[in-house]
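Peer 1: Below is the file final_25.txt, which contains compact mmCIF, C-alpha atoms.
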```txt
# COMPACT_ATOMS: atom_id res chain seq x y z
CA MET A 1 158.78 -13.05 47.56
CA ASP A 2 160.97 -10.11 48.58
CA LYS A 3 159.99 -7.42 51.10
CA LYS A 4 159.16 -4.78 48.50
CA SER A 5 156.84 -7.07 46.51
CA PHE A 6 155.15 -8.33 49.64
CA THR A 7 154.48 -4.81 50.94
CA LYS A 8 153.09 -3.61 47.61
CA ARG A 9 150.80 -6.61 47.18
CA ILE A 10 149.42 -6.73 50.72
CA HIS A 11 148.49 -3.04 50.61
CA GLU A 12 146.68 -3.64 47.32
CA LEU A 13 144.50 -6.31 48.95
CA ILE A 14 144.21 -5.36 52.65
CA PRO A 15 143.44 -1.81 53.86
CA GLY A 16 146.32 -0.74 56.08
CA GLY A 17 148.34 -3.76 55.01
CA ALA A 18 147.42 -5.69 58.17
CA HIS A 19 144.45 -6.64 60.32
CA THR A 20 145.34 -4.40 63.23
CA TYR A 21 146.85 -0.94 62.89
CA SER A 22 149.48 -1.81 65.49
CA LYS A 23 151.10 -4.05 62.87
CA GLY A 24 151.14 -1.35 60.18
CA ASP A 25 154.21 -0.21 58.27
CA ASP A 26 153.92 3.25 59.84
CA GLN A 27 154.59 1.78 63.29
CA PHE A 28 158.06 0.42 62.46
CA PRO A 29 161.40 1.53 61.01
CA SER A 30 162.12 0.61 57.41
CA ASN A 31 164.35 -2.36 58.29
CA ALA A 32 161.62 -4.15 60.24
CA PRO A 33 160.55 -7.60 59.00
CA THR A 34 157.53 -7.41 56.71
CA GLY A 35 155.84 -10.80 56.29
CA ILE A 36 156.27 -13.40 59.04
CA THR A 37 156.30 -17.05 57.98
CA LYS A 38 156.55 -18.85 61.33
CA GLY A 39 157.31 -18.57 65.01
CA ASN A 40 158.71 -20.95 67.60
CA GLY A 41 159.24 -20.16 71.24
CA ALA A 42 160.58 -16.59 71.39
CA TRP A 43 161.72 -16.55 67.75
CA LEU A 44 160.25 -15.47 64.41
CA TRP A 45 161.22 -16.02 60.75
CA ASP A 46 160.29 -13.63 57.94
CA ILE A 47 159.70 -14.15 54.22
CA GLU A 48 163.44 -13.77 53.57
CA ASN A 49 164.11 -16.49 56.16
CA LYS A 50 165.76 -14.07 58.57
CA LYS A 51 165.44 -15.05 62.23
CA TYR A 52 164.42 -12.52 64.87
CA LEU A 53 164.00 -12.46 68.64
CA ASP A 54 160.35 -11.53 69.21
CA CYS A 55 160.16 -8.77 71.84
CA SER A 56 156.40 -8.18 71.69
CA MET A 57 155.07 -11.73 71.20
CA GLY A 58 152.03 -11.16 69.03
CA LEU A 59 151.08 -7.78 70.53
CA GLY A 60 151.27 -9.41 73.95
CA SER A 61 148.90 -12.25 73.10
CA VAL A 62 151.51 -15.03 73.23
CA THR A 63 152.77 -15.53 76.79
CA LEU A 64 154.04 -19.12 76.75
CA GLY A 65 155.84 -18.98 73.40
CA HIS A 66 154.93 -19.45 69.75
CA ALA A 67 153.77 -22.96 68.82
CA TYR A 68 153.93 -24.06 72.46
CA ASN A 69 153.38 -27.82 72.33
CA PRO A 70 151.22 -28.39 75.45
CA VAL A 71 148.70 -25.86 74.12
CA LEU A 72 148.94 -27.09 70.52
CA ASN A 73 148.38 -30.69 71.62
CA ALA A 74 145.13 -29.71 73.37
CA VAL A 75 144.02 -27.85 70.24
CA LYS A 76 144.92 -30.72 67.89
CA LYS A 77 143.00 -33.20 70.03
CA GLN A 78 139.91 -31.00 69.88
CA LEU A 79 140.18 -30.48 66.11
CA ASP A 80 139.50 -34.17 65.58
CA ASN A 81 136.15 -33.72 67.36
CA GLY A 82 134.99 -30.70 65.35
CA VAL A 83 135.13 -27.03 66.28
CA ASN A 84 131.63 -25.55 65.82
CA PHE A 85 128.14 -26.92 66.37
CA GLN A 86 124.47 -25.93 66.17
CA ARG A 87 124.05 -26.22 69.96
CA PRO A 88 126.36 -25.35 72.88
CA SER A 89 129.35 -27.65 73.22
CA LEU A 90 130.49 -29.34 76.41
CA MET A 91 133.70 -27.34 75.99
CA GLU A 92 131.76 -24.09 76.55
CA LEU A 93 130.66 -25.24 80.01
CA THR A 94 134.09 -26.65 80.85
CA ALA A 95 135.84 -23.44 79.84
CA ALA A 96 133.33 -21.26 81.70
CA GLU A 97 133.82 -23.28 84.89
CA ALA A 98 137.62 -23.22 84.53
CA PHE A 99 137.78 -19.45 84.02
CA LEU A 100 135.21 -18.44 86.64
CA SER A 101 136.89 -20.67 89.24
CA LEU A 102 139.75 -18.15 89.13
CA LEU A 103 137.40 -15.22 89.85
CA PRO A 104 135.26 -15.62 92.98
CA GLN A 105 133.87 -12.08 92.55
CA GLN A 106 132.51 -12.83 89.04
CA ASP A 107 129.51 -15.09 88.36
CA MET A 108 129.00 -15.38 84.61
CA ILE A 109 131.04 -15.28 81.39
CA LYS A 110 130.65 -14.70 77.65
CA PHE A 111 133.37 -15.70 75.19
CA ALA A 112 134.21 -13.83 71.99
CA LYS A 113 136.96 -13.58 69.41
CA ASN A 114 138.39 -10.12 70.00
CA GLY A 115 138.74 -7.56 72.75
CA SER A 116 136.51 -4.94 71.13
CA ALA A 117 133.55 -7.32 71.19
CA ALA A 118 133.99 -7.84 74.94
CA THR A 119 134.43 -4.18 75.89
CA THR A 120 131.49 -3.07 73.72
CA ALA A 121 129.29 -5.78 75.24
CA ALA A 122 130.24 -4.53 78.70
CA VAL A 123 129.32 -0.97 77.76
CA LYS A 124 125.97 -2.14 76.36
CA LEU A 125 125.17 -4.05 79.56
CA ALA A 126 126.03 -1.00 81.67
CA ARG A 127 123.80 1.24 79.58
CA ALA A 128 120.93 -1.23 79.82
CA TYR A 129 121.39 -1.69 83.58
CA THR A 130 121.60 2.02 84.42
CA GLY A 131 119.32 3.45 81.75
CA ARG A 132 122.06 5.98 80.92
CA ASP A 133 124.04 6.60 77.74
CA GLY A 134 127.34 8.15 78.80
CA VAL A 135 130.62 6.21 78.89
CA ALA A 136 133.76 7.45 80.68
CA PHE A 137 137.41 6.42 80.37
CA PRO A 138 140.88 7.95 80.87
CA PHE A 139 141.71 10.29 77.97
CA ASP A 140 145.31 9.10 77.58
CA HIS A 141 144.58 5.41 77.02
CA PRO A 142 145.32 4.53 73.37
CA PHE A 143 142.68 1.86 72.72
CA TYR A 144 139.61 0.23 74.23
CA SER A 145 137.60 -0.78 71.15
CA TYR A 146 137.26 -0.21 67.43
CA ASP A 147 133.56 0.52 68.02
CA ASP A 148 132.10 4.01 67.82
CA TRP A 149 131.78 4.64 71.56
CA PHE A 150 135.58 4.73 71.85
CA ILE A 151 136.93 5.56 68.38
CA GLY A 152 134.60 8.56 68.27
CA SER A 153 136.71 10.12 71.04
CA THR A 154 139.98 9.81 69.10
CA PRO A 155 141.45 11.78 66.19
CA CYS A 156 140.49 8.80 63.96
CA ASN A 157 136.78 9.54 64.35
CA LYS A 158 135.85 9.86 60.69
CA GLY A 159 132.64 7.93 60.08
CA VAL A 160 131.42 8.18 63.67
CA PRO A 161 128.26 10.33 64.11
CA LYS A 162 128.62 13.39 66.33
CA ALA A 163 125.71 12.16 68.42
CA ILE A 164 127.74 9.07 69.34
CA GLN A 165 130.92 11.07 69.94
CA ASN A 166 129.06 13.26 72.42
CA LEU A 167 128.23 10.25 74.62
CA SER A 168 131.88 9.54 75.45
CA HIS A 169 133.55 11.45 78.29
CA THR A 170 137.13 11.42 79.54
CA PHE A 171 139.03 12.13 82.73
CA LYS A 172 142.64 12.20 83.89
CA SER A 173 144.34 8.87 84.63
CA CYS A 174 145.16 8.03 88.24
CA ASP A 175 143.36 11.17 89.44
CA ILE A 176 140.31 10.35 91.54
CA LYS A 177 139.39 14.03 91.79
CA SER A 178 139.23 14.27 88.00
CA LEU A 179 136.83 11.33 87.89
CA GLU A 180 134.74 12.78 90.71
CA GLN A 181 134.51 16.10 88.88
CA LEU A 182 133.27 14.32 85.77
CA PHE A 183 130.39 12.80 87.74
CA LEU A 184 129.58 16.23 89.15
CA ASP A 185 129.68 17.81 85.69
CA LYS A 186 127.52 15.05 84.16
CA PRO A 187 125.01 14.14 86.90
CA GLU A 188 123.06 10.95 86.17
CA GLU A 189 124.54 10.75 82.65
CA ILE A 190 127.40 8.26 83.09
CA ALA A 191 126.43 4.60 82.68
CA CYS A 192 129.91 3.22 83.29
CA VAL A 193 133.58 3.87 83.72
CA ILE A 194 135.99 1.55 81.91
CA MET A 195 139.72 1.58 82.60
CA GLU A 196 142.80 -0.57 82.82
CA PRO A 197 143.84 -1.55 86.35
CA GLU A 198 147.48 -0.56 85.79
CA LYS A 199 149.90 0.33 83.02
CA ASN A 200 153.38 -0.86 82.21
CA HIS A 201 154.39 2.79 82.36
CA CYS A 202 152.78 6.01 83.50
CA GLY A 203 152.14 8.82 81.06
CA SER A 204 152.84 12.43 81.88
CA PHE A 205 149.20 12.97 82.90
CA CYS A 206 149.19 10.87 86.07
CA SER A 207 149.02 12.37 89.53
CA CYS A 208 149.63 9.06 91.37
CA SER A 209 148.52 10.42 94.74
CA GLN A 210 147.29 6.94 95.74
CA ASN A 211 148.70 3.47 95.24
CA VAL A 212 147.10 1.40 92.49
CA GLY A 213 144.89 -0.78 94.66
CA ASP A 214 143.52 2.10 96.74
CA TYR A 215 142.87 4.21 93.66
CA LEU A 216 140.93 1.44 91.90
CA LYS A 217 138.84 0.69 94.97
CA ALA A 218 138.07 4.39 95.34
CA ALA A 219 137.09 4.57 91.65
CA ILE A 220 134.72 1.61 92.04
CA ASP A 221 133.14 3.16 95.13
CA LEU A 222 132.77 6.50 93.34
CA CYS A 223 131.02 4.85 90.39
CA HIS A 224 128.54 3.09 92.65
CA LYS A 225 127.94 6.27 94.66
CA HIS A 226 126.87 8.01 91.44
CA GLY A 227 124.82 5.07 90.12
CA ALA A 228 127.32 3.94 87.46
CA LEU A 229 128.97 0.57 86.86
CA PHE A 230 132.71 -0.06 86.86
CA ILE A 231 134.34 -2.13 84.08
CA LEU A 232 137.90 -3.30 84.60
CA ASP A 233 139.73 -3.80 81.31
CA GLU A 234 142.25 -6.63 81.75
CA MET A 235 143.00 -7.10 78.04
CA VAL A 236 146.64 -6.18 78.61
CA THR A 237 147.14 -7.05 82.27
CA GLY A 238 145.32 -10.40 82.33
CA PHE A 239 147.63 -13.40 82.80
CA LYS A 240 150.59 -10.99 83.11
CA THR A 241 150.46 -8.80 86.22
CA SER A 242 149.08 -11.66 88.30
CA PHE A 243 146.97 -14.77 87.78
CA PRO A 244 144.44 -14.31 86.41
CA GLY A 245 145.04 -10.54 86.59
CA SER A 246 145.21 -7.32 88.57
CA SER A 247 141.67 -7.78 89.85
CA THR A 248 142.86 -10.63 92.07
CA LYS A 249 146.20 -8.93 92.76
CA TYR A 250 144.43 -5.97 94.37
CA GLY A 251 141.32 -7.76 95.66
CA LEU A 252 138.91 -5.79 93.46
CA SER A 253 135.19 -6.37 92.93
CA PRO A 254 134.25 -4.62 89.68
CA ASP A 255 130.86 -5.09 88.08
CA MET A 256 132.47 -6.51 84.93
CA ILE A 257 135.94 -7.46 83.69
CA THR A 258 137.07 -7.75 80.07
CA TRP A 259 139.77 -10.24 79.05
CA GLY A 260 141.77 -11.07 75.95
CA LYS A 261 145.25 -11.17 74.44
CA GLY A 262 147.31 -13.65 76.51
CA ILE A 263 144.57 -15.83 77.98
CA ALA A 264 144.85 -18.53 75.28
CA ASN A 265 148.50 -18.16 74.20
CA GLY A 266 147.76 -16.40 70.92
CA PHE A 267 144.54 -18.15 69.98
CA SER A 268 141.62 -15.84 69.25
CA CYS A 269 139.86 -15.78 72.60
CA SER A 270 138.44 -12.90 74.61
CA ALA A 271 135.92 -12.90 77.41
CA LEU A 272 133.56 -10.74 79.42
CA THR A 273 132.94 -11.72 83.03
CA GLY A 274 130.60 -10.05 85.49
CA THR A 275 128.18 -10.30 88.37
CA LYS A 276 125.01 -12.28 87.79
CA GLU A 277 122.84 -9.22 88.40
CA VAL A 278 124.42 -7.42 85.46
CA MET A 279 125.24 -10.31 83.12
CA GLN A 280 121.87 -12.06 83.25
CA GLN A 281 120.38 -9.13 81.33
CA GLY A 282 121.70 -11.00 78.30
CA GLY A 283 119.94 -14.22 79.32
CA ILE A 284 116.70 -15.76 78.06
CA LEU A 285 115.23 -17.43 81.16
CA ASP A 286 113.28 -14.44 82.53
CA LYS A 287 110.18 -14.81 80.40
CA GLY A 288 108.49 -11.60 79.41
CA LYS A 289 111.46 -9.50 80.50
CA GLU A 290 113.21 -7.39 77.89
CA LYS A 291 116.68 -8.76 77.24
CA VAL A 292 119.95 -7.24 76.08
CA PHE A 293 121.17 -8.61 72.76
CA LEU A 294 124.62 -9.37 74.11
CA ILE A 295 127.59 -10.93 72.30
CA SER A 296 126.14 -13.28 69.70
CA THR A 297 128.81 -14.78 67.45
CA THR A 298 128.96 -17.91 65.32
CA HIS A 299 132.65 -18.40 66.10
CA GLY A 300 132.82 -16.97 69.63
CA ALA A 301 133.04 -20.33 71.37
CA GLU A 302 134.92 -22.47 68.87
CA THR A 303 135.98 -25.54 70.78
CA HIS A 304 139.64 -25.60 69.74
CA THR A 305 140.09 -22.02 71.00
CA LEU A 306 138.46 -22.88 74.33
CA ALA A 307 140.73 -25.92 74.53
CA ALA A 308 143.69 -23.53 74.17
CA LEU A 309 142.26 -21.38 76.96
CA ILE A 310 141.82 -24.34 79.32
CA ALA A 311 145.31 -25.65 78.55
CA THR A 312 146.80 -22.21 79.18
CA ILE A 313 145.01 -21.94 82.53
CA GLU A 314 146.32 -25.36 83.60
CA ILE A 315 149.88 -24.50 82.57
CA TYR A 316 149.73 -21.25 84.55
CA LYS A 317 148.53 -23.16 87.60
CA GLU A 318 151.08 -25.95 87.39
CA GLN A 319 154.21 -24.06 86.31
CA GLN A 320 154.01 -20.75 88.24
CA VAL A 321 154.20 -18.86 84.95
CA ILE A 322 153.63 -15.44 86.52
CA ASP A 323 156.58 -15.83 88.90
CA LYS A 324 158.87 -16.98 86.09
CA MET A 325 157.73 -14.16 83.83
CA HIS A 326 158.42 -11.53 86.48
CA VAL A 327 161.85 -12.98 87.31
CA LYS A 328 162.84 -12.77 83.65
CA GLY A 329 161.38 -9.29 83.35
CA LYS A 330 163.38 -8.12 86.36
CA ARG A 331 166.59 -9.49 84.84
CA VAL A 332 165.98 -7.46 81.69
CA VAL A 333 165.08 -4.29 83.61
CA ASP A 334 168.04 -4.53 85.99
CA ALA A 335 170.55 -5.23 83.21
CA THR A 336 169.21 -2.32 81.18
CA GLN A 337 169.33 0.05 84.12
CA GLN A 338 172.96 -0.88 84.80
CA LEU A 339 173.87 0.05 81.22
CA ILE A 340 171.89 3.28 81.36
CA THR A 341 173.74 4.26 84.54
CA LYS A 342 177.13 3.13 83.23
CA TYR A 343 176.86 5.37 80.18
CA ALA A 344 175.16 8.27 82.01
CA MET A 345 172.06 8.09 79.80
CA ASP A 346 169.45 8.51 82.56
CA GLN A 347 168.02 11.71 81.10
CA TYR A 348 167.59 10.11 77.67
CA ILE A 349 166.60 6.48 78.31
CA GLU A 350 164.21 5.15 80.92
CA VAL A 351 163.24 1.54 81.60
CA THR A 352 160.12 0.91 83.65
CA LYS A 353 160.01 -1.51 86.56
CA SER A 354 156.94 -3.24 85.17
CA TYR A 355 158.48 -6.69 85.26
CA TRP A 356 155.41 -8.19 83.57
CA THR A 357 156.06 -6.08 80.45
CA PRO A 358 159.21 -3.91 80.55
CA VAL A 359 159.00 -0.71 78.54
CA TRP A 360 161.77 1.57 77.28
CA LEU A 361 161.08 5.31 77.04
CA PHE A 362 163.30 7.63 75.04
CA HIS A 363 163.69 11.32 75.67
CA SER A 364 165.41 14.07 73.73
CA LYS A 365 166.79 17.33 75.08
CA LYS A 366 163.56 19.01 73.96
CA ALA A 367 160.85 16.48 74.75
CA LYS A 368 159.87 13.39 76.69
CA ASN A 369 158.81 10.25 74.82
CA CYS A 370 160.62 11.24 71.64
CA LEU A 371 159.28 9.08 68.80
CA SER A 372 162.30 9.60 66.55
CA HIS A 373 164.63 8.33 69.29
CA LYS A 374 162.31 5.37 69.87
CA THR A 375 162.31 4.58 66.14
CA TYR A 376 166.11 4.73 66.04
CA PHE A 377 166.32 2.31 68.99
CA MET A 378 163.94 -0.13 67.25
CA GLN A 379 165.98 0.13 64.06
CA GLU A 380 169.21 -0.75 65.88
CA MET A 381 167.57 -3.58 67.85
CA ILE A 382 166.32 -5.08 64.59
```
What is this structure when it is put down as structure tokens?

Peer 2:
Amino acid sequence: MDKKSFTKRIHELIPGGAHTYSKGDDQFPSNAPTGITKGNGAWLWDIENKKYLDCSMGLGSVTLGHAYNPVLNAVKKQLDNGVNFQRPSLMELTAAEAFLSLLPQQDMIKFAKNGSAATTAAVKLARAYTGRDGVAFPFDHPFYSYDDWFIGSTPCNKGVPKAIQNLSHTFKSCDIKSLEQLFLDKPEEIACVIMEPEKNHCGSFCSCSQNVGDYLKAAIDLCHKHGALFILDEMVTGFKTSFPGSSTKYGLSPDMITWGKGIANGFSCSALTGTKEVMQQGGILDKGKEKVFLISTTHGAETHTLAALIATIEIYKEQQVIDKMHVKGKRVVDATQQLITKYAMDQYIEVTKSYWTPVWLFHSKKAKNCLSHKTYFMQEMI
């Protein structure tokens, strides 16, 4: 099948032509590969059998490489024993123990299949715990969930009731005074604040008056001072900035942490971790006590996915993956910066020093973060 036929047919059958909008045709130049047939290591092949270097690795979900044998072998072994049962599997306990052993400040865990399920569960727990409805997050973060509490705050809010939209509140990234003002403007309304610990590049809205660790600790303290919970979203940073994530890197003690993307090397695994006081609201042992209907999914704890998670954790422990990742990232950043300097392109091209995920920013004479320049760069890279 050629590219044109593939594109026409997939849009006839799948809204948006993909199962996440980040993969959509409108996100790429016209010469981008359309259908992918396979991946191996850092390489991809498309339906025309062209080979590409994969710079984004499954939207950041694949950290060890496509079809990485040590993970695949663990998955294949589990497949022979079945993947889904009527009662909890031994693998659920094993995976919970393996993950929580990395997080001394977190007591309990729930597994799911996608990041939106985990972040929405965290919000629900916070609302139940505080008795409040409001949710707060930085206004310049592109995505926390496909659920109404977040999407209602975006331009793509069609289908979300106004009543739900009005429960979401935003503040300025990296600006503790902006967050404090929100609490003052909405006294006893905010159930929780959810935010990423750090970004691979700062937007133009940051004030950066504090270093990352101090800012996050101040944000947690501010939430607790005003009776709200703090949710750290490690979907992007987990298993990349540090191991297992920025929460350990900065010594943070949030009420809950959400995980996904790279924790199982591309397999569909996300997780919500938290303190026992908060998480046990979703339990069933306190008889007579009203419970929160937390994440409840038929496929949330499929054993082969949890086997991938456990194998990934062991590989990270044994092979110092974070150190290797950052060394390679630094090589890319340094080499790029040398070229930018050599050709006097500093005012037009910027490479961030986020060695865990380098990012290139393109500026025109008229504007920062020029999308047309970015598109041209992607076209030429392809």

Peer 1: For range 324-330 of chain A, work out the shell of residues within 7 Å, counting all atoms listed in the file and skipping chain neighbours fewer than 6 positions away, then give it as a ChimeraX atom specification.

Peer 2: /A:355-358

Peer 1: Which is closest to Leu371 in chain A among A:Thr119, A:Tyr146, A:Gln27, A:Leu100, if we use only C-alpha atoms?

Peer 2: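 Distance minimum relative to Leu371 in chain A lands on A:Gln27.
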
Peer 1: Counting only C-alpha atoms, which residues of range 25-70 of chain A sit at most 12 Å from some atom of range 261-277 of chain A, and what is each one's closest atom pair with its distance in Å to one decimal, listed by chain and rising residue number, as CSV?

Peer 2:
```
residue,atom,partner,partner_atom,distance
A:Gly39,CA,A:Gly266,CA,11.4
A:Gly41,CA,A:Asn265,CA,11.3
A:Ser56,CA,A:Gly262,CA,11.7
A:Met57,CA,A:Gly266,CA,8.7
A:Gly58,CA,A:Gly266,CA,7.0
A:Leu59,CA,A:Lys261,CA,7.8
A:Gly60,CA,A:Lys261,CA,6.3
A:Ser61,CA,A:Gly262,CA,4.0
A:Val62,CA,A:Asn265,CA,4.4
A:Thr63,CA,A:Asn265,CA,5.6
A:Leu64,CA,A:Asn265,CA,6.2
A:Gly65,CA,A:Asn265,CA,7.4
A:His66,CA,A:Gly266,CA,7.9
A:Ala67,CA,A:Asn265,CA,8.9
A:Tyr68,CA,A:Asn265,CA,8.2
A:Asn69,CA,A:Asn265,CA,11.0
A:Pro70,CA,A:Asn265,CA,10.7
```

Peer 1: For the atom pair CA of Ile220 in chain A and CA of Ile194 in chain A, what is the interatomic distance in Å to one decimal place?

Peer 2: 10.2 Å

Peer 1: Could you give me the centre and size, in Å to one decimal, of an axis-aligned box around all listed atoms of range 41-56 of chain A with 5 Å added on every side, as JSON?

Peer 2:
```
{"center_x": 161.1, "center_y": -14.2, "center_z": 62.7, "size_x": 19.4, "size_y": 22.0, "size_z": 28.3}
```

Peer 1: For a test of reading the model, state the distance in Å between CA of Lys317 in chain A and CA of Phe243 in chain A, rounded to one decimal.

Peer 2: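 Taking CA of Lys317 in chain A and CA of Phe243 in chain A, their separation equals 8.5 Å.
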
Peer 1: Kindly indicate which residue among A:Lys374, A:Lys240, A:Lys368, A:Lys51 lies nearest to Gln320 in chain A, using all atoms listed in the file for the distances.

Peer 2: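 For Gln320 in chain A, the nearest of the candidates is A:Lys240.
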
Peer 1: Which one of A:Ser153, A:Asn369, A:Ser246, A:Asn84 sits closest to Ile349 in chain A if you count all atoms listed in the file?

Peer 2: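 Of all the options, A:Asn369 lies closest to Ile349 in chain A.
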
Peer 1: How far is it from CA of Cys223 in chain A to CA of Tyr250 in chain A, in Å with one decimal?

Peer 2: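 If I compute the distance from CA of Cys223 in chain A to CA of Tyr250 in chain A, I get 17.7 Å.
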
Peer 1: Which residue, A:Phe137, A:Trp360, A:Trp43, A:Phe85, has the smallest gap to Glu302 in chain A when you use only C-alpha atoms?

Peer 2: A:Phe85

Peer 1: Pick out the closest residue to Asn211 in chain A from this set: A:Cys55, A:Ile295, A:Ile176, A:Ala136. Count all atoms listed in the file.

Peer 2: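 Of A:Cys55, A:Ile295, A:Ile176, A:Ala136, the one nearest Asn211 in chain A, counting all atoms listed in the file, is A:Ile176.
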
Peer 1: Would you tabulate, counting all atoms listed in the file, all residues of range 57-174 of chain A that have an atom at most 9 Å from an atom of range 229-236 of chain A, showing the closest pair of atoms and their distance in Å to one decimal, sorted by chain then ascending number, as a Markdown table?

Peer 2:
```
| residue | atom | partner | partner_atom | distance |
| --- | --- | --- | --- | --- |
| A:Gly60 | CA | A:Val236 | CA | 7.3 |
| A:Ser61 | CA | A:Val236 | CA | 8.5 |
| A:Gly115 | CA | A:Met235 | CA | 6.8 |
| A:Thr119 | CA | A:Asp233 | CA | 7.6 |
| A:Ala122 | CA | A:Ile231 | CA | 7.2 |
| A:Val123 | CA | A:Ile231 | CA | 8.2 |
| A:Ala126 | CA | A:Leu229 | CA | 6.2 |
| A:Arg127 | CA | A:Leu229 | CA | 9.0 |
| A:Tyr129 | CA | A:Leu229 | CA | 8.6 |
| A:Thr130 | CA | A:Leu229 | CA | 7.9 |
| A:Tyr144 | CA | A:Asp233 | CA | 8.1 |
```

Peer 1: Dump as CSV the rows for residues of range 154-200 of chain A within 12 Å of range 253-259 of chain A: closest atom pair and distance in Å with one decimal, all atoms listed in the file counted, ordered by chain and rising residue number.

Peer 2:
```
residue,atom,partner,partner_atom,distance
A:Ala191,CA,A:Asp255,CA,11.9
A:Cys192,CA,A:Asp255,CA,9.6
A:Val193,CA,A:Asp255,CA,10.3
A:Ile194,CA,A:Ile257,CA,9.2
A:Met195,CA,A:Ile257,CA,9.9
A:Glu196,CA,A:Thr258,CA,9.6
A:Pro197,CA,A:Ile257,CA,10.2
```
